[in-house]
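Down below is the structure, laid out as structure tokens.
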Amino acid sequence: MNNTIYSINGPVVKAADTKDFSMLEMVYVGEKRLIGEVIGVTDKFTTIQVYEDTAGLKIGEPIESTGSPVCANLGPGIISNIFDGIERPLRDMTKLNGAFIAEGNALFSLDTEKKYDVTVTVKAGDKLSGGDVYCTCPETALITHKCMIPPNVSGEVVETAPNGQYTVNDTIIKLKLTDGTEIPLTMVQKWAIKRARPIAKRLSAKRPLITGQRIIDTIIPIAKGGAAAIPGGFGTGKTMTQHQLAKWCDADIIVYIGCGERGNEMTQVLEEFSELIDPKSNRPLTDRTVLIANTSNMPVAAREASIYTGITLAEYYRDMGYHIAIMADSTSRWAEALREISGRLEEMPAEEGFPAYLPSRLSEFYERAGYVENLNGTEGSVTIIGAVSPQGSDFSEPVTQNTKRFVRCFWALDKSLAYARHYPAIDWNQSYSEYVEELSDFYTENVSPDFMTLRQEISNILQEETKLMEIVKLIGADVLPDDQKLAIETARVVRVGFLQQNAYHKDDTYVPLEKQMLMMRVITSIYHKSLDALKNGVMLSDILATGVFEKAIKMKYDIPNDKLSMFDDYLKEIDEKIGGLTV
């Protein structure tokens with residue numbers, strides 16, 4: 001058969017008159033053995049997308065079959081590492097080639113020389129099936145790695161290694177399969193990145209991903225195992241919001257995928273993450289973080305693979321019983337990679353030149369989120385938070401609209417809020433969460449029975465302000481009655497004192513749910529007491545003169561997170577100052 005290059009079009013390579021390759025098979029292309037994947041097979045041509053730079057590739061160079069799909073290597077050493085889109089370790093590549101990635105470096109993803117303290121948890125004669133843990137080792141100070149039987153394997157343990165220090169490629173146990181063959185199991189398993197890892201069953205998402213960000217936790221919450229989109233134009237704070245979530249959310253492990261972003265921005269992420277201290281453990285944040293860097297100047301096909309690599313790593317740790325949060329920044333650049341390759345394949349374009357299969361690819365990615373029961377009986381979750389970068393902040397473009405179909409939480413970033421230094425710049429009018437009903441039991445039982453009532457009141461005040469501001473734009477604020485002016489004043493307290501958050505203030509960067517609830521109680525108490533005073537004939541100007549509105553705006557700074565009893569004094573002061581007003 002003629003397994004050589006017939007044509008080259010950027011990252012798309014074709015071989016002619018061969019039947020040696022199967023769909024989605026990984027291949028090595030050219031003398032440099034570039035990594036590629038078969039994406040089309042006809043009786044005349046086999047089409048391959050190459051995940052590395054094809055500069056210098058020539059017609060007639062060989063194409064080598066591997067017989068397996070593009071796989072991720074799963075084992076100890078993933079956490080705190082930095083990979084490119086096809087899971088090559090960037091630190092090791094830097095040692096080999098310097099700052100720029102050389103082609104044809106098929107480095108093994110994991111460190112094969114490092115030794116881990118392995119504890120074998122099974123003995124000879126044990127019957128094991130997919131997902132069962134056969135050994136553990138401390139991967140970092142925060143994460144214990146659990147090596148599991150591959151999902152499609154089951155059998156009886158015939159031999160185990162003693163507890164001790166081993167590298168990832170050392171045999172830990174030998175398993176006798178049902179057909180009598182014996183296979184050695186090391187600490188590494190391979191898994192095709194475009195195939196979701198199997199689970200026992202999917203559970204309903206009834207626990208929130210607690211982030212410490214008030215607008216997210218209270219107004220537009222996301223469930224553990226949920227999917228959210230953060231759309232926003234240039235400079236609205238997508239990356240900053242994801243950094244804040246990565247640092248503070250209560251996931252066990254963070255997988256950060258820099259997909260097609262600017263190189264200097266990704267460098268900043270890598271530097272910041274290595275310096276950040278995890279507030280929960282006082283250890284470096286990298287002890288529970290995986291970084292996948294595929295910047296805009298890296299090969300475009302690998303950008304597409306980076307999303308799948310990231311979700312496969314997340315599913316692997318989910319199978320151990322961990323809760324994972326994926327930050328994908330940004331799925332728009334991933335969709336642009338699809339569009340570029342689709343154009344080179346001469347496929348019929350759909351809306352704005354994107355391929356017709358864009359919605360199905362997006363759904364394949366977001367559907368891999370979920371709160372699940374694993375094969376080994378543990379529970380784990382993968383939460384996906386994907387940034388979307390619509391050109392010119394146009395939310396009607398295809399990537400944003402199609403993403404909306406597959407996520408249940410939509411945090412729309414607003415340019416005017418960002419330029420007014422209101423962070424997070426999430427527009428509460430355009431944003432929504434479909435998880436509110438499912439999470440209400442959690443908030444009621446774990447925070448306060450009236451949490452959801454307070455949340456609804458705060459939301460109503462914001463909606464009332466939006467309606468009134470349309471009237472104010474037309475005829476001015478002076479014509480409004482005092483009760484409507486009060487709604488606008490209270491909404492200002494909600495916006496500035498509650499929704500706006502300061503990432504550099506020690507008490508405001510992360511706010512526990514109980515403090516969020518007490519802040520809402522203070523704001524709604526001011527509103528209701530003021531309404532009662534207005535009904536008794538008190539002027540709004542007199543109520544504003546008491547200073548309780550300004551004090552409510554500052555309570556996020558004035559009340560430390562560990563002194564929540566101070567809220568009682570605030571509520572007493574509101575009663576005295578507003579209740580003491582007489583006509």
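The way I read the labels, and the way they are meant: chains A, B, ... in the order of the structure tokens, residue 1 as the first residue of every chain, and ligand 1 as the first ligand shown, with later ones counted on from there.
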Requested in this report: Please identify all polymer residues within 12 Å of Thr144 of chain A, counting only C-alpha atoms, omitting same-chain residues fewer than 4 positions from it, and present them as a count of residues only.
Outcome: 24
Query - For Ile222 of chain A: contacts at 10 Å, only C-alpha atoms, fewer than 2 positions along chain excluded, given as JSON, numbers by chain - result: {"A": [205, 206, 207, 208, 209, 210, 211, 216, 217, 218, 219, 220, 224, 225, 226, 227, 228, 383, 384, 385, 408, 409, 410, 432, 433, 434, 435, 436, 439]}
Same residues, C-alpha atoms, output as a PDB file, in the first residue's frame:
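Contents of out.pdb, as written:
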```pdb
ATOM      1  CA  ALA A 205     -26.875  18.166  40.588  1.00  0.00           C
ATOM      2  CA  LYS A 206     -28.118  19.316  44.006  1.00  0.00           C
ATOM      3  CA  ARG A 207     -24.976  20.883  45.503  1.00  0.00           C
ATOM      4  CA  PRO A 208     -23.688  24.299  44.417  1.00  0.00           C
ATOM      5  CA  LEU A 209     -20.115  24.963  43.370  1.00  0.00           C
ATOM      6  CA  ILE A 210     -19.365  27.497  46.099  1.00  0.00           C
ATOM      7  CA  THR A 211     -17.106  30.237  44.733  1.00  0.00           C
ATOM      8  CA  ILE A 216     -22.537  33.798  41.394  1.00  0.00           C
ATOM      9  CA  ASP A 217     -23.311  31.998  44.664  1.00  0.00           C
ATOM     10  CA  THR A 218     -26.486  33.944  45.416  1.00  0.00           C
ATOM     11  CA  ILE A 219     -27.995  35.366  42.229  1.00  0.00           C
ATOM     12  CA  ILE A 220     -26.772  33.094  39.391  1.00  0.00           C
ATOM     13  CA  LYS A 224     -21.340  20.919  41.006  1.00  0.00           C
ATOM     14  CA  GLY A 225     -21.377  18.898  37.815  1.00  0.00           C
ATOM     15  CA  GLY A 226     -22.990  21.751  35.913  1.00  0.00           C
ATOM     16  CA  ALA A 227     -21.937  23.688  32.825  1.00  0.00           C
ATOM     17  CA  ALA A 228     -21.645  27.477  32.571  1.00  0.00           C
ATOM     18  CA  THR A 383     -17.983  21.200  36.298  1.00  0.00           C
ATOM     19  CA  ILE A 384     -17.265  23.030  33.029  1.00  0.00           C
ATOM     20  CA  ILE A 385     -16.913  26.821  32.929  1.00  0.00           C
ATOM     21  CA  ARG A 408     -27.742  25.834  32.053  1.00  0.00           C
ATOM     22  CA  CYS A 409     -25.851  28.775  33.507  1.00  0.00           C
ATOM     23  CA  PHE A 410     -25.061  31.925  31.520  1.00  0.00           C
ATOM     24  CA  TYR A 432     -29.476  33.394  34.194  1.00  0.00           C
ATOM     25  CA  SER A 433     -29.134  30.062  35.994  1.00  0.00           C
ATOM     26  CA  GLU A 434     -31.457  27.089  35.581  1.00  0.00           C
ATOM     27  CA  TYR A 435     -29.972  25.427  38.696  1.00  0.00           C
ATOM     28  CA  VAL A 436     -31.744  27.707  41.213  1.00  0.00           C
ATOM     29  CA  LEU A 439     -30.160  24.048  44.672  1.00  0.00           C
TER      30      LEU A 439
END
```
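Counting only C-alpha atoms, the residue from A:Glu272, A:Gly580, A:Gln401, A:Val12 that sits nearest to Ser342 of chain A is A:Val12.
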Report task. Mind the document's chain letters and residue numbers, and return as a list of chain:residue names the residues of segment 369-432 of chain A that DSSP labels strand (DSSP E). Result ->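 So, restricting segment 369-432 of chain A to strand (DSSP E), we get A:Gly370, A:Tyr371, A:Val372, A:Glu373, A:Glu379, A:Gly380, A:Ser381, A:Val382, A:Thr383, A:Ile384, A:Ile385, A:Gly386, A:Ala387, A:Val388, A:Cys409, A:Phe410, A:Tyr432.
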Print the selection's residues with C-alpha atoms to a file, as a compact mmCIF listing (two decimals), in the first residue's frame.
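See out.txt below for the written result:
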```
# COMPACT_ATOMS: atom_id res chain seq x y z
CA GLY A 370 -21.93 15.95 35.36
CA TYR A 371 -22.28 14.78 38.96
CA VAL A 372 -21.94 11.01 38.78
CA GLU A 373 -21.62 7.75 40.66
CA GLU A 379 -19.17 10.07 43.77
CA GLY A 380 -17.38 12.70 41.71
CA SER A 381 -18.17 15.61 39.45
CA VAL A 382 -16.83 17.57 36.49
CA THR A 383 -17.98 21.20 36.30
CA ILE A 384 -17.26 23.03 33.03
CA ILE A 385 -16.91 26.82 32.93
CA GLY A 386 -16.25 27.87 29.35
CA ALA A 387 -15.33 31.41 28.31
CA VAL A 388 -16.77 32.61 24.99
CA CYS A 409 -25.85 28.77 33.51
CA PHE A 410 -25.06 31.93 31.52
CA TYR A 432 -29.48 33.39 34.19
```
Query raised in the report: Which neighbours of segment 391-393 of chain A fall inside 9 Å, counting only C-alpha atoms, when residues of the same chain fewer than 3 positions from it are skipped, and could you give them as a ChimeraX atom specification?
Result: /A:231-234,396-397,413-415
Could you save those same residues with C-alpha atoms as a PDB file, in the first residue's frame?
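Once written, part.pdb looks like this:
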```pdb
ATOM      1  CA  PRO A 231     -19.398  35.278  27.230  1.00  0.00           C
ATOM      2  CA  GLY A 232     -17.881  38.728  26.959  1.00  0.00           C
ATOM      3  CA  GLY A 233     -16.040  40.994  24.563  1.00  0.00           C
ATOM      4  CA  PHE A 234     -12.395  42.022  24.785  1.00  0.00           C
ATOM      5  CA  SER A 396     -26.066  36.646  18.635  1.00  0.00           C
ATOM      6  CA  GLU A 397     -23.054  35.064  16.887  1.00  0.00           C
ATOM      7  CA  LEU A 413     -20.151  39.998  30.952  1.00  0.00           C
ATOM      8  CA  ASP A 414     -20.987  43.618  30.215  1.00  0.00           C
ATOM      9  CA  LYS A 415     -18.520  46.067  28.709  1.00  0.00           C
TER      10      LYS A 415
END
```
Requested in this report: List the neighbours of Val522 of chain A out to 8 Å using only C-alpha atoms; skip same-chain residues closer than 6 positions along the sequence, and give me the result as JSON, numbers by chain.
Outcome: {"A": [552, 567, 570, 571]}
Can you write out the residues you just picked, keeping N, CA, C and O atoms, as an mmCIF file, in the first residue's frame?
```
data_model
loop_
_atom_site.group_PDB
_atom_site.id
_atom_site.type_symbol
_atom_site.label_atom_id
_atom_site.label_comp_id
_atom_site.auth_asym_id
_atom_site.auth_seq_id
_atom_site.Cartn_x
_atom_site.Cartn_y
_atom_site.Cartn_z
ATOM 1 N N ALA A 552 -24.559 50.473 54.673
ATOM 2 C CA ALA A 552 -24.824 49.145 54.103
ATOM 3 C C ALA A 552 -23.892 48.844 52.935
ATOM 4 O O ALA A 552 -23.482 47.694 52.731
ATOM 5 N N PHE A 567 -23.398 41.795 62.500
ATOM 6 C CA PHE A 567 -24.606 42.087 61.723
ATOM 7 C C PHE A 567 -25.796 42.386 62.635
ATOM 8 O O PHE A 567 -26.700 43.137 62.259
ATOM 9 N N TYR A 570 -25.861 45.981 63.224
ATOM 10 C CA TYR A 570 -26.332 46.686 62.032
ATOM 11 C C TYR A 570 -27.856 46.697 61.986
ATOM 12 O O TYR A 570 -28.485 47.732 61.746
ATOM 13 N N LEU A 571 -28.463 45.516 62.230
ATOM 14 C CA LEU A 571 -29.929 45.413 62.163
ATOM 15 C C LEU A 571 -30.582 46.254 63.262
ATOM 16 O O LEU A 571 -31.611 46.892 63.056
#
```
